[in-house]
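With TSV, N, CA and C atoms inside, this is run.tsv:
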```
chain	number	residue	atom	x	y	z
Y	1	MET	N	113.38	102.33	62.88
Y	1	MET	CA	114.48	101.78	62.11
Y	1	MET	C	113.97	100.59	61.33
Y	2	LEU	N	114.34	100.56	60.08
Y	2	LEU	CA	114.04	99.42	59.21
Y	2	LEU	C	115.32	98.62	59.03
Y	3	PRO	N	115.50	97.53	59.77
Y	3	PRO	CA	116.75	96.78	59.69
Y	3	PRO	C	117.04	96.25	58.28
Y	4	SER	N	116.00	95.84	57.57
Y	4	SER	CA	116.21	95.28	56.22
Y	4	SER	C	116.75	96.34	55.26
Y	5	GLU	N	116.49	97.62	55.55
Y	5	GLU	CA	116.96	98.70	54.69
Y	5	GLU	C	118.06	99.52	55.35
Y	6	GLY	N	118.29	99.29	56.65
Y	6	GLY	CA	119.33	100.00	57.36
Y	6	GLY	C	119.12	101.50	57.45
Y	7	ARG	N	117.86	101.93	57.57
Y	7	ARG	CA	117.59	103.37	57.62
Y	7	ARG	C	116.50	103.69	58.63
Y	8	ALA	N	116.54	104.94	59.07
Y	8	ALA	CA	115.50	105.46	59.95
Y	8	ALA	C	114.36	106.01	59.10
Y	9	VAL	N	113.13	105.85	59.57
Y	9	VAL	CA	111.98	106.36	58.81
Y	9	VAL	C	111.40	107.62	59.43
Y	10	GLY	N	111.76	107.91	60.68
Y	10	GLY	CA	111.23	109.10	61.34
Y	10	GLY	C	111.64	109.13	62.79
Y	11	THR	N	111.03	110.06	63.52
Y	11	THR	CA	111.33	110.26	64.93
Y	11	THR	C	110.05	110.19	65.74
Y	12	VAL	N	110.07	109.44	66.83
Y	12	VAL	CA	108.90	109.37	67.71
Y	12	VAL	C	108.80	110.70	68.45
Y	13	VAL	N	107.62	111.35	68.33
Y	13	VAL	CA	107.42	112.65	68.97
Y	13	VAL	C	106.35	112.61	70.06
Y	14	ASP	N	105.55	111.55	70.11
Y	14	ASP	CA	104.50	111.46	71.13
Y	14	ASP	C	103.88	110.07	71.08
Y	15	PHE	N	102.83	109.87	71.88
Y	15	PHE	CA	102.09	108.61	71.87
Y	15	PHE	C	100.61	108.90	72.09
Y	16	TYR	N	99.76	107.95	71.70
Y	16	TYR	CA	98.31	108.03	71.89
Y	16	TYR	C	97.92	106.96	72.90
Y	17	PHE	N	97.12	107.36	73.92
Y	17	PHE	CA	96.78	106.41	74.97
Y	17	PHE	C	95.28	106.40	75.25
Y	18	LYS	N	94.82	105.26	75.80
Y	18	LYS	CA	93.44	105.12	76.24
Y	18	LYS	C	93.41	105.38	77.73
Y	19	PRO	N	92.89	106.52	78.18
Y	19	PRO	CA	92.95	106.91	79.60
Y	19	PRO	C	92.36	105.90	80.57
Y	20	GLU	N	91.34	105.19	80.19
Y	20	GLU	CA	90.69	104.27	81.11
Y	20	GLU	C	91.56	103.06	81.42
Y	21	THR	N	92.52	102.76	80.57
Y	21	THR	CA	93.29	101.53	80.70
Y	21	THR	C	94.79	101.74	80.80
Y	22	ASN	N	95.30	102.93	80.52
Y	22	ASN	CA	96.74	103.23	80.43
Y	22	ASN	C	97.40	102.54	79.24
Y	23	TYR	N	96.61	101.93	78.37
Y	23	TYR	CA	97.12	101.26	77.19
Y	23	TYR	C	97.58	102.30	76.16
Y	24	VAL	N	98.80	102.14	75.65
Y	24	VAL	CA	99.30	103.02	74.60
Y	24	VAL	C	98.96	102.35	73.27
Y	25	ASP	N	98.07	102.99	72.53
Y	25	ASP	CA	97.60	102.43	71.26
Y	25	ASP	C	98.65	102.54	70.17
Y	26	ALA	N	99.32	103.68	70.10
Y	26	ALA	CA	100.27	103.91	69.01
Y	26	ALA	C	101.25	105.01	69.38
Y	27	LEU	N	102.37	105.01	68.68
Y	27	LEU	CA	103.33	106.10	68.80
Y	27	LEU	C	103.11	107.05	67.63
Y	28	CYS	N	103.36	108.31	67.84
Y	28	CYS	CA	103.28	109.31	66.77
Y	28	CYS	C	104.69	109.48	66.22
Y	29	VAL	N	104.88	109.14	64.96
Y	29	VAL	CA	106.19	109.20	64.31
Y	29	VAL	C	106.18	110.34	63.29
Y	30	ARG	N	107.10	111.26	63.45
Y	30	ARG	CA	107.23	112.39	62.50
Y	30	ARG	C	108.22	112.00	61.41
Y	31	THR	N	107.73	112.06	60.16
Y	31	THR	CA	108.57	111.74	59.00
Y	31	THR	C	108.77	113.00	58.16
Y	32	ARG	N	109.85	113.02	57.40
Y	32	ARG	CA	110.11	114.17	56.53
Y	32	ARG	C	109.16	114.22	55.34
Y	33	LEU	N	108.82	113.08	54.79
Y	33	LEU	CA	108.01	113.06	53.58
Y	33	LEU	C	106.51	113.07	53.83
Y	34	HIS	N	106.05	112.40	54.88
Y	34	HIS	CA	104.61	112.21	55.08
Y	34	HIS	C	104.06	112.87	56.34
Y	35	GLY	N	104.85	113.64	57.05
Y	35	GLY	CA	104.38	114.28	58.27
Y	35	GLY	C	104.23	113.27	59.39
Y	36	ASP	N	103.23	113.46	60.26
Y	36	ASP	CA	103.01	112.57	61.39
Y	36	ASP	C	102.23	111.33	60.96
Y	37	LEU	N	102.75	110.18	61.35
Y	37	LEU	CA	102.12	108.89	61.08
Y	37	LEU	C	101.97	108.15	62.40
Y	38	ALA	N	101.04	107.20	62.45
Y	38	ALA	CA	100.83	106.38	63.64
Y	38	ALA	C	101.56	105.06	63.49
Y	39	LEU	N	102.29	104.68	64.54
Y	39	LEU	CA	102.92	103.37	64.59
Y	39	LEU	C	102.20	102.58	65.67
Y	40	PRO	N	101.29	101.68	65.28
Y	40	PRO	CA	100.58	100.88	66.28
Y	40	PRO	C	101.56	100.08	67.13
Y	41	ALA	N	101.23	99.92	68.40
Y	41	ALA	CA	102.09	99.17	69.31
Y	41	ALA	C	102.35	97.76	68.77
Y	42	THR	N	101.37	97.18	68.12
Y	42	THR	CA	101.51	95.83	67.59
Y	42	THR	C	102.49	95.76	66.42
Y	43	GLY	N	102.86	96.91	65.86
Y	43	GLY	CA	103.80	96.94	64.74
Y	43	GLY	C	105.25	97.09	65.15
Y	44	ILE	N	105.52	97.14	66.46
Y	44	ILE	CA	106.88	97.33	66.95
Y	44	ILE	C	107.55	95.98	67.15
Y	45	SER	N	108.73	95.81	66.54
Y	45	SER	CA	109.48	94.57	66.72
Y	45	SER	C	110.31	94.61	67.99
Y	46	SER	N	111.00	95.75	68.22
Y	46	SER	CA	111.82	95.87	69.42
Y	46	SER	C	112.06	97.34	69.74
Y	47	ILE	N	112.44	97.59	70.99
Y	47	ILE	CA	112.78	98.93	71.44
Y	47	ILE	C	114.12	98.83	72.16
Y	48	SER	N	115.05	99.67	71.74
Y	48	SER	CA	116.34	99.75	72.42
Y	48	SER	C	116.54	101.19	72.88
Y	49	LYS	N	117.66	101.47	73.47
Y	49	LYS	CA	117.94	102.81	73.97
Y	49	LYS	C	117.90	103.86	72.86
Y	50	ASP	N	118.36	103.49	71.67
Y	50	ASP	CA	118.49	104.46	70.59
Y	50	ASP	C	117.56	104.26	69.40
Y	51	ALA	N	116.76	103.18	69.40
Y	51	ALA	CA	115.95	102.93	68.21
Y	51	ALA	C	114.73	102.07	68.52
Y	52	ILE	N	113.70	102.28	67.73
Y	52	ILE	CA	112.53	101.41	67.71
Y	52	ILE	C	112.56	100.72	66.36
Y	53	THR	N	112.52	99.41	66.37
Y	53	THR	CA	112.63	98.64	65.13
Y	53	THR	C	111.25	98.16	64.70
Y	54	ILE	N	110.95	98.34	63.40
Y	54	ILE	CA	109.69	97.87	62.83
Y	54	ILE	C	110.01	96.95	61.64
Y	55	PRO	N	109.11	96.03	61.30
Y	55	PRO	CA	109.40	95.08	60.22
Y	55	PRO	C	109.44	95.73	58.84
Y	56	ASN	N	108.58	96.73	58.62
Y	56	ASN	CA	108.55	97.40	57.32
Y	56	ASN	C	107.79	98.72	57.45
Y	57	ALA	N	107.91	99.58	56.47
Y	57	ALA	CA	107.28	100.90	56.52
Y	57	ALA	C	105.76	100.83	56.42
Y	58	GLN	N	105.22	99.70	55.98
Y	58	GLN	CA	103.77	99.57	55.83
Y	58	GLN	C	103.03	99.53	57.17
Y	59	VAL	N	103.74	99.33	58.28
Y	59	VAL	CA	103.06	99.34	59.59
Y	59	VAL	C	102.75	100.77	60.04
Y	60	LEU	N	103.35	101.77	59.40
Y	60	LEU	CA	103.05	103.17	59.71
Y	60	LEU	C	101.75	103.58	59.02
Y	61	LEU	N	100.82	104.16	59.78
Y	61	LEU	CA	99.50	104.48	59.25
Y	61	LEU	C	99.29	105.99	59.16
Y	62	LYS	N	98.59	106.42	58.10
Y	62	LYS	CA	98.25	107.84	57.97
Y	62	LYS	C	97.11	108.23	58.91
Y	63	ALA	N	96.22	107.28	59.19
Y	63	ALA	CA	95.09	107.54	60.09
Y	63	ALA	C	95.60	107.57	61.53
Y	64	LEU	N	95.45	108.71	62.19
Y	64	LEU	CA	95.90	108.85	63.57
Y	64	LEU	C	94.79	108.41	64.53
Y	65	PRO	N	95.14	107.76	65.63
Y	65	PRO	CA	94.13	107.26	66.58
Y	65	PRO	C	93.31	108.39	67.21
Y	66	PRO	N	92.08	108.09	67.61
Y	66	PRO	CA	91.20	109.10	68.21
Y	66	PRO	C	91.38	109.25	69.72
Y	67	PHE	N	92.60	109.06	70.20
Y	67	PHE	CA	92.89	109.09	71.63
Y	67	PHE	C	93.73	110.30	71.98
Y	68	PRO	N	93.77	110.66	73.27
Y	68	PRO	CA	94.62	111.79	73.69
Y	68	PRO	C	96.10	111.46	73.48
Y	69	LYS	N	96.88	112.52	73.30
Y	69	LYS	CA	98.32	112.37	73.18
Y	69	LYS	C	98.96	112.46	74.57
Y	70	GLY	N	100.09	111.82	74.71
Y	70	GLY	CA	100.82	111.85	75.96
Y	70	GLY	C	101.25	113.24	76.37
Y	71	GLU	N	101.52	114.11	75.41
Y	71	GLU	CA	101.95	115.48	75.74
Y	71	GLU	C	100.90	116.21	76.58
Y	72	ASN	N	99.63	115.77	76.48
Y	72	ASN	CA	98.56	116.39	77.26
Y	72	ASN	C	98.70	116.12	78.76
Y	73	LEU	N	99.48	115.11	79.12
Y	73	LEU	CA	99.64	114.76	80.54
Y	73	LEU	C	100.72	115.61	81.22
Y	74	LEU	N	101.67	116.11	80.44
Y	74	LEU	CA	102.77	116.87	81.01
Y	74	LEU	C	102.28	118.15	81.66
Y	75	SER	N	102.85	118.48	82.79
Y	75	SER	CA	102.55	119.67	83.58
Y	75	SER	C	101.18	119.64	84.26
Y	76	HIS	N	100.47	118.53	84.16
Y	76	HIS	CA	99.18	118.42	84.87
Y	76	HIS	C	99.42	118.29	86.36
Y	77	LYS	N	98.54	118.90	87.11
Y	77	LYS	CA	98.60	118.84	88.57
Y	77	LYS	C	98.21	117.44	89.03
Y	78	VAL	N	98.93	116.91	90.00
Y	78	VAL	CA	98.63	115.60	90.58
Y	78	VAL	C	98.14	115.83	92.00
Y	79	THR	N	96.95	115.30	92.28
Y	79	THR	CA	96.31	115.50	93.57
Y	79	THR	C	96.06	114.15	94.23
Y	80	GLY	N	96.32	114.06	95.53
Y	80	GLY	CA	96.06	112.83	96.28
Y	80	GLY	C	94.57	112.65	96.51
Y	81	GLU	N	94.20	111.49	97.01
Y	81	GLU	CA	92.79	111.16	97.26
Y	81	GLU	C	92.11	112.16	98.18
Y	82	ARG	N	92.85	112.71	99.10
Y	82	ARG	CA	92.27	113.65	100.06
Y	82	ARG	C	92.52	115.10	99.68
Y	83	GLY	N	92.92	115.33	98.43
Y	83	GLY	CA	93.08	116.70	97.94
Y	83	GLY	C	94.46	117.30	98.10
Y	84	ALA	N	95.40	116.55	98.64
Y	84	ALA	CA	96.76	117.08	98.82
Y	84	ALA	C	97.44	117.27	97.47
Y	85	ASP	N	98.14	118.38	97.30
Y	85	ASP	CA	98.90	118.67	96.09
Y	85	ASP	C	100.18	117.85	96.11
Y	86	LEU	N	100.32	116.91	95.15
Y	86	LEU	CA	101.50	116.05	95.10
Y	86	LEU	C	102.55	116.59	94.14
Y	87	GLY	N	102.18	117.56	93.30
Y	87	GLY	CA	103.11	118.14	92.33
Y	87	GLY	C	102.52	118.12	90.94
Y	88	THR	N	103.41	118.14	89.93
Y	88	THR	CA	102.96	118.11	88.54
Y	88	THR	C	103.70	117.01	87.78
Y	89	VAL	N	103.07	116.53	86.72
Y	89	VAL	CA	103.68	115.49	85.88
Y	89	VAL	C	104.83	116.12	85.10
Y	90	GLY	N	106.02	115.59	85.31
Y	90	GLY	CA	107.19	116.08	84.59
Y	90	GLY	C	107.56	115.19	83.43
Y	91	ASP	N	107.26	113.89	83.56
Y	91	ASP	CA	107.57	112.94	82.49
Y	91	ASP	C	106.65	111.74	82.64
Y	92	VAL	N	106.49	111.02	81.54
Y	92	VAL	CA	105.65	109.82	81.53
Y	92	VAL	C	106.55	108.63	81.21
Y	93	LEU	N	106.42	107.57	81.98
Y	93	LEU	CA	107.22	106.37	81.78
Y	93	LEU	C	106.39	105.34	81.04
Y	94	ILE	N	106.96	104.78	79.98
Y	94	ILE	CA	106.26	103.82	79.12
Y	94	ILE	C	106.87	102.44	79.30
Y	95	GLY	N	106.01	101.43	79.41
Y	95	GLY	CA	106.46	100.04	79.48
Y	95	GLY	C	106.23	99.37	78.14
Y	96	PHE	N	107.04	98.35	77.84
Y	96	PHE	CA	106.90	97.62	76.58
Y	96	PHE	C	107.18	96.14	76.82
Y	97	ARG	N	106.20	95.34	76.48
Y	97	ARG	CA	106.34	93.89	76.45
Y	97	ARG	C	105.62	93.47	75.18
Y	98	PRO	N	106.39	93.13	74.12
Y	98	PRO	CA	105.77	92.90	72.81
Y	98	PRO	C	104.53	92.02	72.91
Y	99	PRO	N	103.45	92.40	72.29
Y	99	PRO	CA	103.24	93.57	71.43
Y	99	PRO	C	102.52	94.72	72.14
Y	100	VAL	N	102.71	94.87	73.45
Y	100	VAL	CA	101.93	95.85	74.21
Y	100	VAL	C	102.81	96.98	74.75
Y	101	LEU	N	102.32	98.21	74.60
Y	101	LEU	CA	102.90	99.41	75.22
Y	101	LEU	C	101.89	99.92	76.24
Y	102	TRP	N	102.37	100.44	77.36
Y	102	TRP	CA	101.44	100.99	78.36
Y	102	TRP	C	102.12	102.10	79.14
Y	103	ILE	N	101.30	102.97	79.74
Y	103	ILE	CA	101.83	103.97	80.64
Y	103	ILE	C	102.13	103.25	81.95
Y	104	ALA	N	103.41	103.21	82.32
Y	104	ALA	CA	103.83	102.48	83.51
Y	104	ALA	C	103.88	103.38	84.75
Y	105	GLY	N	104.17	104.67	84.53
Y	105	GLY	CA	104.27	105.56	85.68
Y	105	GLY	C	104.45	107.00	85.27
Y	106	PHE	N	104.53	107.84	86.29
Y	106	PHE	CA	104.68	109.29	86.07
Y	106	PHE	C	105.78	109.81	86.99
Y	107	GLU	N	106.65	110.62	86.43
Y	107	GLU	CA	107.60	111.32	87.26
Y	107	GLU	C	106.90	112.59	87.73
Y	108	VAL	N	106.76	112.74	89.03
Y	108	VAL	CA	106.04	113.88	89.61
Y	108	VAL	C	107.06	114.80	90.27
Y	109	THR	N	106.96	116.07	89.94
Y	109	THR	CA	107.88	117.08	90.47
Y	109	THR	C	107.12	118.04	91.35
Y	110	LYS	N	107.70	118.32	92.52
Y	110	LYS	CA	107.13	119.33	93.41
Y	110	LYS	C	108.30	120.14	93.94
Y	111	GLY	N	108.30	121.40	93.61
Y	111	GLY	CA	109.44	122.23	93.98
Y	111	GLY	C	110.60	121.98	93.03
Y	112	ARG	N	111.73	122.46	93.39
Y	112	ARG	CA	112.89	122.36	92.49
Y	112	ARG	C	113.61	121.03	92.54
Y	113	HIS	N	113.60	120.37	93.68
Y	113	HIS	CA	114.45	119.19	93.82
Y	113	HIS	C	113.68	117.91	94.13
Y	114	SER	N	112.41	117.96	94.14
Y	114	SER	CA	111.62	116.80	94.56
Y	114	SER	C	111.04	116.08	93.34
Y	115	ASN	N	111.63	114.94	93.00
Y	115	ASN	CA	111.10	114.09	91.93
Y	115	ASN	C	110.77	112.75	92.53
Y	116	LYS	N	109.59	112.24	92.24
Y	116	LYS	CA	109.25	110.89	92.65
Y	116	LYS	C	108.46	110.25	91.53
Y	117	VAL	N	108.43	108.93	91.53
Y	117	VAL	CA	107.72	108.19	90.50
Y	117	VAL	C	106.43	107.65	91.10
Y	118	LEU	N	105.35	107.93	90.40
Y	118	LEU	CA	104.03	107.46	90.79
Y	118	LEU	C	103.64	106.35	89.82
Y	119	ASP	N	103.33	105.19	90.34
Y	119	ASP	CA	102.91	104.06	89.51
Y	119	ASP	C	101.59	104.40	88.83
Y	120	ALA	N	101.48	104.16	87.54
Y	120	ALA	CA	100.27	104.50	86.79
Y	120	ALA	C	99.04	103.77	87.32
Y	121	ASP	N	99.22	102.59	87.91
Y	121	ASP	CA	98.09	101.85	88.46
Y	121	ASP	C	97.48	102.56	89.68
Y	122	ASP	N	98.21	103.49	90.27
Y	122	ASP	CA	97.71	104.24	91.41
Y	122	ASP	C	96.83	105.43	91.01
Y	123	VAL	N	96.78	105.74	89.71
Y	123	VAL	CA	96.00	106.88	89.24
Y	123	VAL	C	94.53	106.46	89.14
Y	124	MET	N	93.66	107.24	89.79
Y	124	MET	CA	92.23	106.91	89.79
Y	124	MET	C	91.49	107.55	88.63
Y	125	GLU	N	91.92	108.75	88.21
Y	125	GLU	CA	91.29	109.41	87.07
Y	125	GLU	C	92.21	110.47	86.50
Y	126	TYR	N	91.99	110.78	85.22
Y	126	TYR	CA	92.76	111.81	84.54
Y	126	TYR	C	91.93	113.08	84.49
```

Mind converting the file's structure to structure tokens?
Amino acid sequence: MLPSEGRAVGTVVDFYFKPETNYVDALCVRTRLHGDLALPATGISSISKDAITIPNAQVLLKALPPFPKGENLLSHKVTGERGADLGTVGDVLIGFRPPVLWIAGFEVTKGRHSNKVLDADDVMEY
């Protein structure tokens, strides 16, 4: 959302992260005119339930980061240190404290009714 213009510029469809640190480098924003653009975490003014606010459209970049996308984490098997099957990643939880975005946790599903949240700091490797 561009508050100065009162309009939406696109829809967040994914994010790019650095696996070694859980740092979210940028959000992937799908626009009607320019396709997918990168919104660096440092370009975000605020995040609310219904909108991400940016200062201007110039913070959106055509060059996409060379990092994996968050969608690659979904449905991945989660295994404990001793090899126990903990389930699969159903959703990824993102934290935001301006100007930093990070992977805060994972919703892990095992079976039909078992959902639990795994803190991202507990993950040893992807």

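Rounded to one decimal, CA of Ala41 in chain Y and CA of Ser75 in chain Y lie 25.0 Å from each other.
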
Give me the residues of range 43-109 of chain Y that have any atom at most 5 Å from an atom of range 20-32 of chain Y; for each, the nearest atom pair and the distance in Å, rounded to one decimal. Use all atoms listed in the file, sort by chain and number, and format it as a tab-separated table.
```
residue	atom	partner	partner_atom	distance
Y:Leu101	C	Y:Val24	N	3.9
Y:Trp102	CA	Y:Val24	N	4.0
Y:Ile103	N	Y:Asn22	C	4.0
```

With N, CA and C atoms retained, could you export that selection as a CSV table (one decimal), keeping the file's coordinate frame?
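Printed below is again_19.csv as written:
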```csv
chain,number,residue,atom,x,y,z
Y,101,LEU,N,102.3,98.2,74.6
Y,101,LEU,CA,102.9,99.4,75.2
Y,101,LEU,C,101.9,99.9,76.2
Y,102,TRP,N,102.4,100.4,77.4
Y,102,TRP,CA,101.4,101.0,78.4
Y,102,TRP,C,102.1,102.1,79.1
Y,103,ILE,N,101.3,103.0,79.7
Y,103,ILE,CA,101.8,104.0,80.6
Y,103,ILE,C,102.1,103.2,82.0
```

In Å, with one decimal, what is the gap from CA of Thr109 in chain Y to atom C of Ser48 in chain Y?
25.2 Å

Between Y:Gly35, Y:Lys69, Y:Gly90, Y:Pro19, which has the minimum distance to Arg112 in chain Y (counting only C-alpha atoms)?
Y:Gly90

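CA of Val13 in chain Y is found 12.2 Å from atom N of Ile52 in chain Y.
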
Using only C-alpha atoms, which residues sit within 12 Å of Leu86 in chain Y once same-chain residues fewer than 3 positions away are excluded, as a compact mmCIF listing (two decimals) with N, CA and C atoms, in the coordinates of the input?
```txt
# COMPACT_ATOMS: atom_id res chain seq x y z
N HIS Y 76 100.47 118.53 84.16
CA HIS Y 76 99.18 118.42 84.87
C HIS Y 76 99.42 118.29 86.36
N LYS Y 77 98.54 118.90 87.11
CA LYS Y 77 98.60 118.84 88.57
C LYS Y 77 98.21 117.44 89.03
N VAL Y 78 98.93 116.91 90.00
CA VAL Y 78 98.63 115.60 90.58
C VAL Y 78 98.14 115.83 92.00
N THR Y 79 96.95 115.30 92.28
CA THR Y 79 96.31 115.50 93.57
C THR Y 79 96.06 114.15 94.23
N GLY Y 80 96.32 114.06 95.53
CA GLY Y 80 96.06 112.83 96.28
C GLY Y 80 94.57 112.65 96.51
N GLU Y 81 94.20 111.49 97.01
CA GLU Y 81 92.79 111.16 97.26
C GLU Y 81 92.11 112.16 98.18
N ARG Y 82 92.85 112.71 99.10
CA ARG Y 82 92.27 113.65 100.06
C ARG Y 82 92.52 115.10 99.68
N GLY Y 83 92.92 115.33 98.43
CA GLY Y 83 93.08 116.70 97.94
C GLY Y 83 94.46 117.30 98.10
N VAL Y 89 103.07 116.53 86.72
CA VAL Y 89 103.68 115.49 85.88
C VAL Y 89 104.83 116.12 85.10
N GLY Y 90 106.02 115.59 85.31
CA GLY Y 90 107.19 116.08 84.59
C GLY Y 90 107.56 115.19 83.43
N PHE Y 106 104.53 107.84 86.29
CA PHE Y 106 104.68 109.29 86.07
C PHE Y 106 105.78 109.81 86.99
N GLU Y 107 106.65 110.62 86.43
CA GLU Y 107 107.60 111.32 87.26
C GLU Y 107 106.90 112.59 87.73
N VAL Y 108 106.76 112.74 89.03
CA VAL Y 108 106.04 113.88 89.61
C VAL Y 108 107.06 114.80 90.27
N THR Y 109 106.96 116.07 89.94
CA THR Y 109 107.88 117.08 90.47
C THR Y 109 107.12 118.04 91.35
N LYS Y 110 107.70 118.32 92.52
CA LYS Y 110 107.13 119.33 93.41
C LYS Y 110 108.30 120.14 93.94
N GLY Y 111 108.30 121.40 93.61
CA GLY Y 111 109.44 122.23 93.98
C GLY Y 111 110.60 121.98 93.03
N SER Y 114 112.41 117.96 94.14
CA SER Y 114 111.62 116.80 94.56
C SER Y 114 111.04 116.08 93.34
N ASN Y 115 111.63 114.94 93.00
CA ASN Y 115 111.10 114.09 91.93
C ASN Y 115 110.77 112.75 92.53
N LYS Y 116 109.59 112.24 92.24
CA LYS Y 116 109.25 110.89 92.65
C LYS Y 116 108.46 110.25 91.53
N VAL Y 117 108.43 108.93 91.53
CA VAL Y 117 107.72 108.19 90.50
C VAL Y 117 106.43 107.65 91.10
N LEU Y 118 105.35 107.93 90.40
CA LEU Y 118 104.03 107.46 90.79
C LEU Y 118 103.64 106.35 89.82
```

DSSP-assigned helix (DSSP H, G or I) members of chain Y, reported as number ranges by chain
Y: 41-43, 57-59, 70-73, 120-122

Once DSSP has gone over the backbone, tell me which residues of range 23-110 of chain Y are in strand (DSSP E), as a PyMOL selection string.
chain Y and resi 23-31+35-40+46-47+52-53+77-79+85-97+100-110

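Minimum distance to Gly43 in chain Y across Y:Val123, Y:Val59, Y:Val12, Y:Pro65 (counting only C-alpha atoms) occurs at Y:Val59.
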
Residue contacts of Ala104 in chain Y (8 Å, only N, CA and C atoms) excluding same-chain residues fewer than 5 positions away, as a ChimeraX atom specification
/Y:22-23,92-96,118-122

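For the residues Y:Asp91, Y:Arg7, Y:Leu39, Y:Ser45, ranking by smallest atom-to-atom distance to Leu73 in chain Y using all atoms listed in the file places Y:Asp91 first.
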
Fewer than 5 positions away in the same chain doesn't count, so skip those; otherwise give me all residues within 6.5 Å of Lys62 in chain Y, counting only N, CA and C atoms, as a PDB file with N, CA and C atoms, keeping the file's coordinate frame.
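This went into around.pdb:
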```
ATOM      1  N   ASP Y  36     103.230 113.460  60.260  1.00  0.00           N
ATOM      2  CA  ASP Y  36     103.010 112.570  61.390  1.00  0.00           C
ATOM      3  C   ASP Y  36     102.230 111.330  60.960  1.00  0.00           C
ATOM      4  N   LEU Y  37     102.750 110.180  61.350  1.00  0.00           N
ATOM      5  CA  LEU Y  37     102.120 108.890  61.080  1.00  0.00           C
ATOM      6  C   LEU Y  37     101.970 108.150  62.400  1.00  0.00           C
ATOM      7  N   ALA Y  38     101.040 107.200  62.450  1.00  0.00           N
ATOM      8  CA  ALA Y  38     100.830 106.380  63.640  1.00  0.00           C
ATOM      9  C   ALA Y  38     101.560 105.060  63.490  1.00  0.00           C
TER      10      ALA Y  38
END
```
